[in-house]
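Novice: Let me begin by handing over the structure; questions about it come next.
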Amino acid sequence: MAGSPGERRPASSTAVAVGAQIRRRREQRGMSSAELARRAGLSKATLSHLEAGRGNPTIETLDALAVALRIPLTDLLARDTDPGPVFVAGTELPDGEVGRELLRRISSGNSLEIWRLRMPPHTQLDGVPHATGTIEHLLVASGRLTAGPTDDPTDLSGGDLLAFAGDAPHLYRTGADHADVTVVIASPIIS
């Protein structure tokens with residue numbers, strides 16, 4: 001749903017993280033924003049917008065910035081990790097709805113994403129194959145579900161863990177019970 005003209009949408013956490021990396025790397029190089037914009041072939045306004053986390057840059061724009069900064073493109077996409085405690089408050093879910101929430105993204109040789117999946121009874125969710133080499137780990141907090149590769153799913157209940165290749169078709173299906181599941185997706189980092 002589009003907002004009214006001039007209505008400002010909140011910045012996404014990805015845009016904010018990328019903007020912070022651009023600004024941090026520019027400052028590490030002792031470059032002014034005008035100099036980086038000139039070297040990358042961007043306007044100063046565009047660079048300012050990106051650094052503020054309000055942009056949606058193309059890969060070409062990020063690549064131009066990385067070249068101008070003399071760093072790998074992936075450095076602009078890396079999120080700083082916070083070693084301190086990270087608390088993500090639980091959220092309410094209306095009855096009868098499927099809820100999927102990205103809880104945290106962690107980098108360590110693989111890109112790790114931690115999701116919370118909540119499914120009401122009698123629901124099926126078909127998983128789209130991820131990048132080659134991706135492994136999904138499911139830890140059932142409560143309830144019951146059938147999950148895993150489409151051609152060989154496993155019945156799971158509270159406390160069960162299932163790891164399977166996420167780069168093939170897979171599914172999540174509940175019967176008479178709801179399910180609350182932590183999903184960790186480990187994907188190879190593209191180099």
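Going by the structure tokens order, chains are called A, B, ..., each with residues numbered from 1, while ligands are numbered from 1 in the order shown.
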Step one, run DSSP on the backbone; step two, keep only residues of region 9-178 of chain A assigned to strand (DSSP E or B); then write them as a VMD selection string.
Specialist: chain A and resid 99 to 107 110 to 119 124 to 127 135 to 149 154 to 157 161 to 165 170 to 173
Novice: Report as a list of chain:residue names all protein, DNA and RNA residues lying within 8 Å of Thr182 (chain A), evaluated on only C-alpha atoms, omitting residues in the same chain fewer than 4 positions from it.
Specialist: A:Ile114, A:Trp115, A:Arg116, A:Leu117, A:Leu138, A:Leu139, A:Val140, A:Ala141
Novice: Could you give me, as CSV, a per-residue list for region 21-132 of chain A showing, wherever an atom lies at most 10 Å from an atom of region 166-181 of chain A, the closest pair of atoms and their distance in Å to one decimal, using only C-alpha atoms and sorting by chain then residue number from low to high?
Specialist:
```
residue,atom,partner,partner_atom,distance
A:Gly96,CA,A:His178,CA,9.5
A:Val98,CA,A:Ala179,CA,9.8
A:Gly99,CA,A:Asp180,CA,9.4
A:Arg100,CA,A:Val181,CA,9.7
A:Trp115,CA,A:Val181,CA,8.3
A:Arg116,CA,A:Val181,CA,5.8
A:Leu117,CA,A:Val181,CA,5.1
A:Arg118,CA,A:Asp180,CA,4.5
A:Met119,CA,A:Ala179,CA,5.2
A:Pro120,CA,A:His178,CA,4.5
A:Pro121,CA,A:His178,CA,4.6
A:His122,CA,A:Gly175,CA,4.8
A:Thr123,CA,A:Thr174,CA,5.4
A:Gln124,CA,A:Arg173,CA,4.3
A:Leu125,CA,A:Tyr172,CA,5.2
A:Asp126,CA,A:Leu171,CA,4.5
A:Gly127,CA,A:His170,CA,4.9
A:Val128,CA,A:Pro169,CA,5.9
A:Pro129,CA,A:Asp167,CA,4.5
A:His130,CA,A:Asp167,CA,4.6
A:Ala131,CA,A:Asp167,CA,5.6
A:Thr132,CA,A:Asp167,CA,5.2
```
Novice: Please dump the current selection as a CSV table (one decimal), in the first residue's frame; keep C-alpha atoms.
Specialist:
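And here's part_12.csv as it stands now:
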```csv
chain,number,residue,atom,x,y,z
A,96,GLY,CA,-5.3,-18.3,12.4
A,98,VAL,CA,1.2,-17.7,10.0
A,99,GLY,CA,3.9,-15.6,11.5
A,100,ARG,CA,7.5,-15.6,10.2
A,115,TRP,CA,13.7,-17.0,12.3
A,116,ARG,CA,10.7,-17.7,14.4
A,117,LEU,CA,7.9,-19.6,12.6
A,118,ARG,CA,4.5,-19.8,14.2
A,119,MET,CA,1.8,-21.8,12.4
A,120,PRO,CA,-1.8,-22.3,13.3
A,121,PRO,CA,-3.5,-25.8,13.1
A,122,HIS,CA,-4.2,-27.3,9.6
A,123,THR,CA,-1.8,-25.0,7.7
A,124,GLN,CA,0.8,-25.8,5.1
A,125,LEU,CA,3.7,-23.6,4.0
A,126,ASP,CA,5.8,-24.6,1.0
A,127,GLY,CA,9.4,-23.6,1.3
A,128,VAL,CA,11.1,-22.2,-1.7
A,129,PRO,CA,14.6,-23.7,-2.4
A,130,HIS,CA,17.4,-21.5,-1.0
A,131,ALA,CA,20.9,-21.1,-2.5
A,132,THR,CA,22.9,-24.3,-3.2
```
Novice: Restricting the calculation to only C-alpha atoms, which member of A:Ile189, A:Ala45, A:Ile135, A:Ile71 is positioned closest to Phe164 (chain A)?
Specialist: A:Ile135
Novice: So which bits of chain A end up helix (DSSP H, G or I) when you DSSP the backbone, as JSON, numbers by chain?
Specialist: {"A": [13, 14, 15, 16, 17, 18, 19, 20, 21, 22, 23, 24, 25, 26, 27, 28, 33, 34, 35, 36, 37, 38, 39, 40, 44, 45, 46, 47, 48, 49, 50, 51, 59, 60, 61, 62, 63, 64, 65, 66, 67, 68, 69, 73, 74, 75, 76, 77]}
Novice: Those same residues - C-alpha atoms - I'd like them written as an mmCIF file, in the first residue's frame.
Specialist:
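Done, and the output landed in out39.cif:
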```cif
data_model
loop_
_atom_site.group_PDB
_atom_site.id
_atom_site.type_symbol
_atom_site.label_atom_id
_atom_site.label_comp_id
_atom_site.auth_asym_id
_atom_site.auth_seq_id
_atom_site.Cartn_x
_atom_site.Cartn_y
_atom_site.Cartn_z
ATOM 1 C CA SER A 13 17.374 -2.351 9.104
ATOM 2 C CA THR A 14 19.304 -3.441 5.996
ATOM 3 C CA ALA A 15 19.341 0.083 4.541
ATOM 4 C CA VAL A 16 20.505 1.483 7.886
ATOM 5 C CA ALA A 17 23.270 -1.161 8.192
ATOM 6 C CA VAL A 18 24.504 -0.562 4.621
ATOM 7 C CA GLY A 19 24.413 3.203 5.149
ATOM 8 C CA ALA A 20 26.432 2.875 8.343
ATOM 9 C CA GLN A 21 29.030 0.752 6.545
ATOM 10 C CA ILE A 22 29.353 3.284 3.705
ATOM 11 C CA ARG A 23 29.838 6.160 6.165
ATOM 12 C CA ARG A 24 32.219 4.142 8.364
ATOM 13 C CA ARG A 25 34.396 3.055 5.429
ATOM 14 C CA ARG A 26 34.427 6.597 3.967
ATOM 15 C CA GLU A 27 35.539 8.036 7.308
ATOM 16 C CA GLN A 28 38.207 5.307 7.707
ATOM 17 C CA SER A 33 31.275 12.773 1.184
ATOM 18 C CA ALA A 34 31.852 15.038 -1.844
ATOM 19 C CA GLU A 35 35.024 13.127 -2.757
ATOM 20 C CA LEU A 36 33.380 9.694 -2.404
ATOM 21 C CA ALA A 37 30.345 10.815 -4.409
ATOM 22 C CA ARG A 38 32.634 12.130 -7.194
ATOM 23 C CA ARG A 39 34.720 8.930 -7.297
ATOM 24 C CA ALA A 40 31.614 6.726 -7.346
ATOM 25 C CA LYS A 44 26.226 14.228 -2.982
ATOM 26 C CA ALA A 45 22.494 14.115 -2.205
ATOM 27 C CA THR A 46 22.298 10.445 -3.228
ATOM 28 C CA LEU A 47 25.294 9.543 -1.084
ATOM 29 C CA SER A 48 23.869 11.473 1.869
ATOM 30 C CA HIS A 49 20.561 9.636 1.437
ATOM 31 C CA LEU A 50 22.331 6.255 1.366
ATOM 32 C CA GLU A 51 24.516 7.011 4.397
ATOM 33 C CA ILE A 59 24.138 -3.600 -6.815
ATOM 34 C CA GLU A 60 25.784 -1.361 -9.424
ATOM 35 C CA THR A 61 25.663 1.608 -7.033
ATOM 36 C CA LEU A 62 27.094 -0.452 -4.172
ATOM 37 C CA ASP A 63 29.783 -1.804 -6.502
ATOM 38 C CA ALA A 64 30.724 1.741 -7.591
ATOM 39 C CA LEU A 65 31.001 2.769 -3.934
ATOM 40 C CA ALA A 66 33.098 -0.306 -3.079
ATOM 41 C CA VAL A 67 35.473 0.402 -5.994
ATOM 42 C CA ALA A 68 35.757 4.060 -4.956
ATOM 43 C CA LEU A 69 36.495 2.981 -1.373
ATOM 44 C CA LEU A 73 31.603 -5.238 -2.161
ATOM 45 C CA THR A 74 30.780 -7.641 0.673
ATOM 46 C CA ASP A 75 32.305 -5.186 3.172
ATOM 47 C CA LEU A 76 29.393 -2.840 2.477
ATOM 48 C CA LEU A 77 26.897 -5.632 3.093
#
```
